[in-house]
Amino acid sequence: MRRFLIFAILPLLFLTGCGSDSLADRLYTQAIGLSGQGTLHFTMQSFGDEKAHTVSASGIPEALRKEESAAGGRVFIGHTELLCLDGSRTLDSVQELLLEEGLSPSCKILLTPPETFLGKADCTEAVHTLRMAEQNGLLAKTELSGILDEWLGNWETALVPVPGGDVPGLALLRKNGEVIRLPQAAASGLFWLRRNAGNFTLTLPQDGEMRSVEIGRTFLTKSVDGGALRYAVRIRTVDCPEPAKQALQEKILSECQAALQALQHAKADVIGMQDALEAAGVQADAFPEIGVTVTVE
Amino acid sequence: MNRIDSRQLFSILLLSGAWSMICLPQLYGGGQLLGVAAAFGVQVFLCLPLFRKSASRTAEVLRYKWLGWAFVVFFLLWGGRSLLLLHRAVPPQLLQNPGHLTAAILLLLTCLYTGTAGLKATARCAPLMLVLLGISAAVLIVGAWKRMDAGRLTLRGDGFREGFSAYAALSGELPAAWVLLRRCKEKAGKAIGGYLLGKLLLCLLLLVLCMTAGGRLTAEADYPVFTLTMLSQPLQGQRADALYILAFVMLCVMHLTLLTGVTAHLLEQMYPKIRAAAAWALTVMLLLACMLPENCLAASAALVPVLLLAAPVTAAVQKLQRRAAA
């Protein structure tokens, strides 16, 4: 019996599937775009390809099969770096791409019409600009999994980057596709009210000249006081003189207040308010009152 | 009879339990942590007879044929439930792609082969598989680390009942441990204690990762651990899916092999002339998975405390009857 089974199983070792596909037969997507009401317009750009290709389909599986037929290879979206959305296709499509098709959870999202952006803009440069802006303290960190998590919250709003001048801007995207563009000060304030890695250099005007301040680490604490949320931002600087600390503290405080004002106006939760309230055992039916304190050390 | 040592017993039980755990349907809410802790206490209580240093446990099961059959029926139902769970919870990259049937047949053929090879062979490779499970868990933690938000970790909230029932239902290995005790003559209690503790730690790790790193995505998922593996990709240019799939398949094979192995062992002990008992057991499990509704198969978990207490209680009653007769 055992010998028979060994003879039956041995040939299966050759059914690994490795022989049927070579790298040249596969298309590794660098950027994907979703747009269109009703009918899905699926745009795709592969690594090393300067052109983008758009197909129309009823759903994502059909769109992928059409792209495969058009490009002549199996599409693999697991290493996709950029996902462009125009607001018409949001939660369901993006969730399907992540959970069913294996889109990278660290994929960056850009709110822009994909048909006009992909193929004309340099995707590598767009992704690097987003990453460097996040690392240098110029833009709040966003990525696919975080955006989906925010959409699934009570306030159904996510923070999404939009193409801008030197630095991308930020917008609030509701689950229903509504877009609210944030002013620059509010966008800067959100950087401090969300988790960030720290260790970067900021420049701020002082006594008529630009001064560099090295930021070591930042600490964000959330507390609930009688139904009101309190955010405490503590920033540790490296070798920073006292007047510069004071100027930095005032600048960040005004940015954070601008951000909170924008969130309160839009009734949007992109700074983990719901989690903080739930952790404190407070039921968040109405939009909470929020306060912020900033300390620069 | 081939013996297995306590390290192998610990490994085989933990690996089998780990597979059921990664197929858990709900993992969210601080209340679940408390529910899991409470269910762990109940399992430890049920295992008290197993900690007694005695190698005659299997003999107790086999002394009464009805009890032996009760164990066999449980293993068949539990195996059917596992096959159904495999069909439902399997990650999309593995069996839902084109080639679904090929992968399912290969998995079952592997289980058939390992089940036929016997428990000794399975037990020998179990510690190696445990290393693979450890590596997969480490990769999962590293990948989830950058997404973790400790602020989400709280003991408040609903989920006590769900946590209790889900963890209590992960006890299919305990009757198997009872059957395997006869093969493990040294430090069996230590192995079972290690298994209970290891399973608790693994469950708490998955719960904490789902709460802090998976967030609402895992809370809304049908099978949160698979969603967590989609989110936990530690390297930018290299996906870890292959490692997770490998771990999933190996755990699945180990789980089904344990169930077919102990069923075959009991049948061979009760009916020494029986042939190809493992193949028959796997076939019956497959038929049960196709024919019985999911609720009926899942309800077999309720048999675990009955089986664990039946053998010592029956033995004690017989002893009392013998004393009374004397």
# chains A, B, ... in the order shown; residues from 1 in each chain; ligands from 1
$ interface_residues --of "chain A" --to "chain B" --cutoff "8 Å" --atoms "only C-alpha atoms" --output "JSON list (two decimals) with C-alpha atoms, in the first residue's frame"
[["chain", "number", "residue", "atom", "x", "y", "z"],
["A", 2, "ARG", "CA", 2.76, 2.41, 1.01],
["A", 5, "LEU", "CA", 1.10, 5.55, -2.56],
["A", 9, "ILE", "CA", 2.50, 10.77, -5.06],
["A", 78, "GLY", "CA", 0.77, 42.13, -5.07],
["A", 79, "HIS", "CA", 3.60, 44.67, -5.47],
["A", 98, "LEU", "CA", -6.90, 44.10, -0.95],
["A", 99, "LEU", "CA", -8.65, 41.00, 0.36],
["A", 100, "GLU", "CA", -9.56, 39.06, -2.78],
["A", 102, "GLY", "CA", -3.93, 40.51, -2.82],
["A", 104, "SER", "CA", -0.23, 45.33, -1.14],
["A", 105, "PRO", "CA", -1.54, 46.79, 2.17],
["A", 106, "SER", "CA", 1.25, 49.41, 2.08],
["A", 145, "SER", "CA", -4.94, 49.46, 4.93],
["A", 148, "LEU", "CA", -9.87, 51.17, 4.57],
["A", 149, "ASP", "CA", -9.82, 51.03, 8.37],
["A", 152, "LEU", "CA", -15.08, 51.22, 8.17],
["A", 153, "GLY", "CA", -15.33, 53.50, 11.25],
["A", 275, "ASP", "CA", -10.87, 54.00, 19.12],
["A", 276, "ALA", "CA", -9.99, 56.37, 21.98],
["A", 278, "GLU", "CA", -14.32, 53.03, 22.78],
["A", 279, "ALA", "CA", -11.21, 52.27, 24.84],
["A", 281, "GLY", "CA", -15.98, 53.00, 27.36]]
$ select_by_dssp --residues "range 36-79 of chain A" --states "helix (DSSP H, G or I)" --output "PyMOL selection string"
chain A and resi 60-71
$ write_last_selection --atoms "C-alpha atoms" --output "mmCIF file, in the first residue's frame"
data_model
loop_
_atom_site.group_PDB
_atom_site.id
_atom_site.type_symbol
_atom_site.label_atom_id
_atom_site.label_comp_id
_atom_site.auth_asym_id
_atom_site.auth_seq_id
_atom_site.Cartn_x
_atom_site.Cartn_y
_atom_site.Cartn_z
ATOM 1 C CA ILE A 60 -12.577 43.739 -10.699
ATOM 2 C CA PRO A 61 -12.134 40.039 -11.655
ATOM 3 C CA GLU A 62 -13.501 40.741 -15.136
ATOM 4 C CA ALA A 63 -11.312 43.840 -15.467
ATOM 5 C CA LEU A 64 -8.212 41.839 -14.547
ATOM 6 C CA ARG A 65 -9.044 39.124 -17.086
ATOM 7 C CA LYS A 66 -9.533 41.795 -19.767
ATOM 8 C CA GLU A 67 -6.204 43.408 -18.880
ATOM 9 C CA GLU A 68 -4.532 40.000 -19.094
ATOM 10 C CA SER A 69 -6.004 39.368 -22.528
ATOM 11 C CA ALA A 70 -4.986 42.809 -23.762
ATOM 12 C CA ALA A 71 -1.440 42.706 -22.378
#
$ atom_distance --atom1 "CA of Trp178 in chain B" --atom2 "CA of Leu50 in chain B"
6.8 Å
$ closest_residue --among "A:Thr218, A:Gln274, A:Ser188, A:Ser56" --to "Cys256 in chain A" --atoms "only C-alpha atoms"
A:Ser188
$ residues_around --residues "Pro305 in chain B" --least-positions-apart "6" --cutoff "10 Å" --atoms "only C-alpha atoms" --output "VMD selection string"
chain B and resid 42 to 43 45 to 47 171 174 to 175
$ closest_residue --among "B:Leu205, B:Leu308, B:Cys210, B:Ala278" --to "Ala177 in chain B" --atoms "only C-alpha atoms"
B:Leu308
$ select_by_dssp --residues "range 186-231 of chain A" --states "strand (DSSP E)" --output "ChimeraX atom specification"
/A:200-206,209-225,228-231
$ write_last_selection --atoms "N, CA and C atoms" --output "compact mmCIF listing (two decimals), in the first residue's frame"
# COMPACT_ATOMS: atom_id res chain seq x y z
N PHE A 200 13.27 63.78 11.89
CA PHE A 200 13.36 64.55 10.66
C PHE A 200 13.68 66.00 11.04
N THR A 201 13.96 66.82 10.02
CA THR A 201 14.32 68.21 10.28
C THR A 201 13.25 69.13 9.69
N LEU A 202 12.81 70.09 10.49
CA LEU A 202 11.82 71.06 10.04
C LEU A 202 12.49 72.42 9.90
N THR A 203 12.00 73.22 8.99
CA THR A 203 12.50 74.60 8.93
C THR A 203 11.35 75.53 9.28
N LEU A 204 11.66 76.56 10.12
CA LEU A 204 10.61 77.51 10.47
C LEU A 204 11.21 78.91 10.52
N PRO A 205 10.43 79.93 10.14
CA PRO A 205 10.96 81.29 10.14
C PRO A 205 11.14 81.81 11.56
N GLN A 206 12.28 82.43 11.81
CA GLN A 206 12.53 83.03 13.13
C GLN A 206 13.48 84.20 12.97
N GLU A 209 14.81 84.98 9.43
CA GLU A 209 15.55 83.97 8.66
C GLU A 209 15.01 82.57 8.96
N MET A 210 15.31 81.64 8.07
CA MET A 210 14.81 80.28 8.24
C MET A 210 15.76 79.50 9.14
N ARG A 211 15.19 78.82 10.15
CA ARG A 211 16.01 78.05 11.09
C ARG A 211 15.60 76.58 11.01
N SER A 212 16.57 75.68 11.05
CA SER A 212 16.29 74.24 11.03
C SER A 212 16.15 73.70 12.44
N VAL A 213 15.14 72.89 12.65
CA VAL A 213 14.94 72.26 13.96
C VAL A 213 14.88 70.75 13.75
N GLU A 214 15.73 70.06 14.48
CA GLU A 214 15.73 68.60 14.35
C GLU A 214 14.75 67.98 15.34
N ILE A 215 13.79 67.24 14.79
CA ILE A 215 12.78 66.59 15.63
C ILE A 215 13.26 65.18 15.94
N GLY A 216 13.33 64.85 17.23
CA GLY A 216 13.78 63.50 17.62
C GLY A 216 12.63 62.52 17.60
N ARG A 217 11.75 62.64 18.57
CA ARG A 217 10.60 61.74 18.62
C ARG A 217 9.34 62.53 18.94
N THR A 218 8.21 62.03 18.55
CA THR A 218 6.95 62.67 18.92
C THR A 218 6.08 61.66 19.65
N PHE A 219 5.35 62.14 20.63
CA PHE A 219 4.47 61.27 21.42
C PHE A 219 3.06 61.83 21.34
N LEU A 220 2.11 60.95 21.08
CA LEU A 220 0.72 61.38 20.97
C LEU A 220 -0.10 60.63 22.01
N THR A 221 -0.76 61.37 22.91
CA THR A 221 -1.58 60.74 23.94
C THR A 221 -3.02 61.21 23.78
N LYS A 222 -3.94 60.24 23.87
CA LYS A 222 -5.35 60.60 23.79
C LYS A 222 -6.00 60.28 25.13
N SER A 223 -6.80 61.21 25.65
CA SER A 223 -7.52 60.93 26.89
C SER A 223 -8.95 61.44 26.74
N VAL A 224 -9.82 60.85 27.53
CA VAL A 224 -11.24 61.23 27.48
C VAL A 224 -11.60 61.82 28.83
N ASP A 225 -12.17 63.04 28.78
CA ASP A 225 -12.53 63.74 30.00
C ASP A 225 -13.99 64.15 29.90
N ALA A 228 -15.40 64.47 26.42
CA ALA A 228 -14.59 65.30 25.51
C ALA A 228 -13.23 64.62 25.32
N LEU A 229 -12.71 64.72 24.10
CA LEU A 229 -11.41 64.09 23.80
C LEU A 229 -10.29 65.11 23.95
N ARG A 230 -9.21 64.68 24.54
CA ARG A 230 -8.05 65.57 24.70
C ARG A 230 -6.85 64.92 24.03
N TYR A 231 -6.24 65.61 23.07
CA TYR A 231 -5.03 65.12 22.42
C TYR A 231 -3.84 65.88 23.00
$ atom_distance --atom1 "CA of Asn176 in chain A" --atom2 "CA of Leu34 in chain A"
14.5 Å
$ atom_distance --atom1 "CA of Gly118 in chain B" --atom2 "CA of Ala281 in chain B"
12.9 Å
$ decode --residues "range 160-249 of chain A" --atoms "C-alpha atoms" --output "PDB file, in the first residue's frame"
ATOM      1  CA  VAL A 160      -6.278  60.649   1.186  1.00  0.00           C
ATOM      2  CA  PRO A 161      -3.426  62.526  -0.520  1.00  0.00           C
ATOM      3  CA  VAL A 162      -4.146  64.615  -3.608  1.00  0.00           C
ATOM      4  CA  PRO A 163      -1.558  65.792  -6.140  1.00  0.00           C
ATOM      5  CA  GLY A 164      -0.327  69.294  -5.358  1.00  0.00           C
ATOM      6  CA  GLY A 165       2.563  71.628  -6.143  1.00  0.00           C
ATOM      7  CA  ASP A 166       5.860  70.758  -4.449  1.00  0.00           C
ATOM      8  CA  VAL A 167       4.178  68.689  -1.757  1.00  0.00           C
ATOM      9  CA  PRO A 168       0.945  66.703  -2.209  1.00  0.00           C
ATOM     10  CA  GLY A 169      -2.117  68.010  -0.381  1.00  0.00           C
ATOM     11  CA  LEU A 170      -4.698  66.103   1.649  1.00  0.00           C
ATOM     12  CA  ALA A 171      -8.423  65.578   1.287  1.00  0.00           C
ATOM     13  CA  LEU A 172     -11.147  63.836   3.243  1.00  0.00           C
ATOM     14  CA  LEU A 173     -12.872  61.174   1.175  1.00  0.00           C
ATOM     15  CA  ARG A 174     -16.216  59.887   2.386  1.00  0.00           C
ATOM     16  CA  LYS A 175     -17.317  56.325   1.770  1.00  0.00           C
ATOM     17  CA  ASN A 176     -19.965  57.667  -0.634  1.00  0.00           C
ATOM     18  CA  GLY A 177     -17.306  59.397  -2.747  1.00  0.00           C
ATOM     19  CA  GLU A 178     -17.685  62.994  -1.467  1.00  0.00           C
ATOM     20  CA  VAL A 179     -14.330  64.826  -1.411  1.00  0.00           C
ATOM     21  CA  ILE A 180     -13.423  67.643   1.012  1.00  0.00           C
ATOM     22  CA  ARG A 181     -10.078  69.305   0.225  1.00  0.00           C
ATOM     23  CA  LEU A 182      -8.241  70.399   3.386  1.00  0.00           C
ATOM     24  CA  PRO A 183      -6.450  73.759   3.725  1.00  0.00           C
ATOM     25  CA  GLN A 184      -2.649  73.592   4.049  1.00  0.00           C
ATOM     26  CA  ALA A 185      -2.589  74.432   7.783  1.00  0.00           C
ATOM     27  CA  ALA A 186      -5.116  71.689   8.590  1.00  0.00           C
ATOM     28  CA  ALA A 187      -3.184  69.180   6.480  1.00  0.00           C
ATOM     29  CA  SER A 188       0.013  70.061   8.385  1.00  0.00           C
ATOM     30  CA  GLY A 189      -1.787  69.743  11.730  1.00  0.00           C
ATOM     31  CA  LEU A 190      -2.967  66.229  10.892  1.00  0.00           C
ATOM     32  CA  PHE A 191       0.654  65.120  10.662  1.00  0.00           C
ATOM     33  CA  TRP A 192       1.005  65.684  14.421  1.00  0.00           C
ATOM     34  CA  LEU A 193      -2.408  64.276  15.344  1.00  0.00           C
ATOM     35  CA  ARG A 194      -1.701  60.946  13.636  1.00  0.00           C
ATOM     36  CA  ARG A 195       1.064  58.463  14.318  1.00  0.00           C
ATOM     37  CA  ASN A 196       4.399  59.464  12.804  1.00  0.00           C
ATOM     38  CA  ALA A 197       7.886  58.057  12.975  1.00  0.00           C
ATOM     39  CA  GLY A 198       9.768  61.208  14.039  1.00  0.00           C
ATOM     40  CA  ASN A 199      13.459  61.834  13.285  1.00  0.00           C
ATOM     41  CA  PHE A 200      13.360  64.554  10.657  1.00  0.00           C
ATOM     42  CA  THR A 201      14.320  68.214  10.280  1.00  0.00           C
ATOM     43  CA  LEU A 202      11.815  71.062  10.036  1.00  0.00           C
ATOM     44  CA  THR A 203      12.497  74.604   8.927  1.00  0.00           C
ATOM     45  CA  LEU A 204      10.614  77.507  10.471  1.00  0.00           C
ATOM     46  CA  PRO A 205      10.963  81.287  10.136  1.00  0.00           C
ATOM     47  CA  GLN A 206      12.527  83.027  13.131  1.00  0.00           C
ATOM     48  CA  ASP A 207      13.884  86.601  13.365  1.00  0.00           C
ATOM     49  CA  GLY A 208      13.596  87.062   9.638  1.00  0.00           C
ATOM     50  CA  GLU A 209      15.552  83.966   8.663  1.00  0.00           C
ATOM     51  CA  MET A 210      14.806  80.276   8.242  1.00  0.00           C
ATOM     52  CA  ARG A 211      16.010  78.052  11.089  1.00  0.00           C
ATOM     53  CA  SER A 212      16.287  74.238  11.026  1.00  0.00           C
ATOM     54  CA  VAL A 213      14.937  72.261  13.962  1.00  0.00           C
ATOM     55  CA  GLU A 214      15.735  68.605  14.354  1.00  0.00           C
ATOM     56  CA  ILE A 215      12.781  66.592  15.631  1.00  0.00           C
ATOM     57  CA  GLY A 216      13.778  63.504  17.625  1.00  0.00           C
ATOM     58  CA  ARG A 217      10.597  61.736  18.623  1.00  0.00           C
ATOM     59  CA  THR A 218       6.951  62.671  18.918  1.00  0.00           C
ATOM     60  CA  PHE A 219       4.469  61.272  21.419  1.00  0.00           C
ATOM     61  CA  LEU A 220       0.717  61.384  20.968  1.00  0.00           C
ATOM     62  CA  THR A 221      -1.581  60.741  23.941  1.00  0.00           C
ATOM     63  CA  LYS A 222      -5.352  60.601  23.791  1.00  0.00           C
ATOM     64  CA  SER A 223      -7.520  60.933  26.885  1.00  0.00           C
ATOM     65  CA  VAL A 224     -11.237  61.230  27.483  1.00  0.00           C
ATOM     66  CA  ASP A 225     -12.525  63.738  30.005  1.00  0.00           C
ATOM     67  CA  GLY A 226     -16.303  63.688  30.525  1.00  0.00           C
ATOM     68  CA  GLY A 227     -17.095  62.764  26.920  1.00  0.00           C
ATOM     69  CA  ALA A 228     -14.586  65.296  25.511  1.00  0.00           C
ATOM     70  CA  LEU A 229     -11.414  64.093  23.798  1.00  0.00           C
ATOM     71  CA  ARG A 230      -8.048  65.573  24.699  1.00  0.00           C
ATOM     72  CA  TYR A 231      -5.027  65.122  22.418  1.00  0.00           C
ATOM     73  CA  ALA A 232      -1.615  65.797  23.908  1.00  0.00           C
ATOM     74  CA  VAL A 233       1.260  66.123  21.412  1.00  0.00           C
ATOM     75  CA  ARG A 234       4.742  66.032  22.915  1.00  0.00           C
ATOM     76  CA  ILE A 235       7.672  66.703  20.603  1.00  0.00           C
ATOM     77  CA  ARG A 236      11.257  66.041  21.562  1.00  0.00           C
ATOM     78  CA  THR A 237      13.781  68.203  19.698  1.00  0.00           C
ATOM     79  CA  VAL A 238      17.551  67.873  19.452  1.00  0.00           C
ATOM     80  CA  ASP A 239      19.724  70.850  20.514  1.00  0.00           C
ATOM     81  CA  CYS A 240      16.975  73.381  19.903  1.00  0.00           C
ATOM     82  CA  PRO A 241      17.239  76.855  21.534  1.00  0.00           C
ATOM     83  CA  GLU A 242      14.348  77.997  23.735  1.00  0.00           C
ATOM     84  CA  PRO A 243      12.973  80.720  21.380  1.00  0.00           C
ATOM     85  CA  ALA A 244      12.854  78.233  18.517  1.00  0.00           C
ATOM     86  CA  LYS A 245      11.012  75.750  20.742  1.00  0.00           C
ATOM     87  CA  GLN A 246       8.454  78.419  21.607  1.00  0.00           C
ATOM     88  CA  ALA A 247       7.976  79.348  17.936  1.00  0.00           C
ATOM     89  CA  LEU A 248       7.635  75.692  16.963  1.00  0.00           C
ATOM     90  CA  GLN A 249       5.117  75.034  19.729  1.00  0.00           C
TER      91      GLN A 249
END
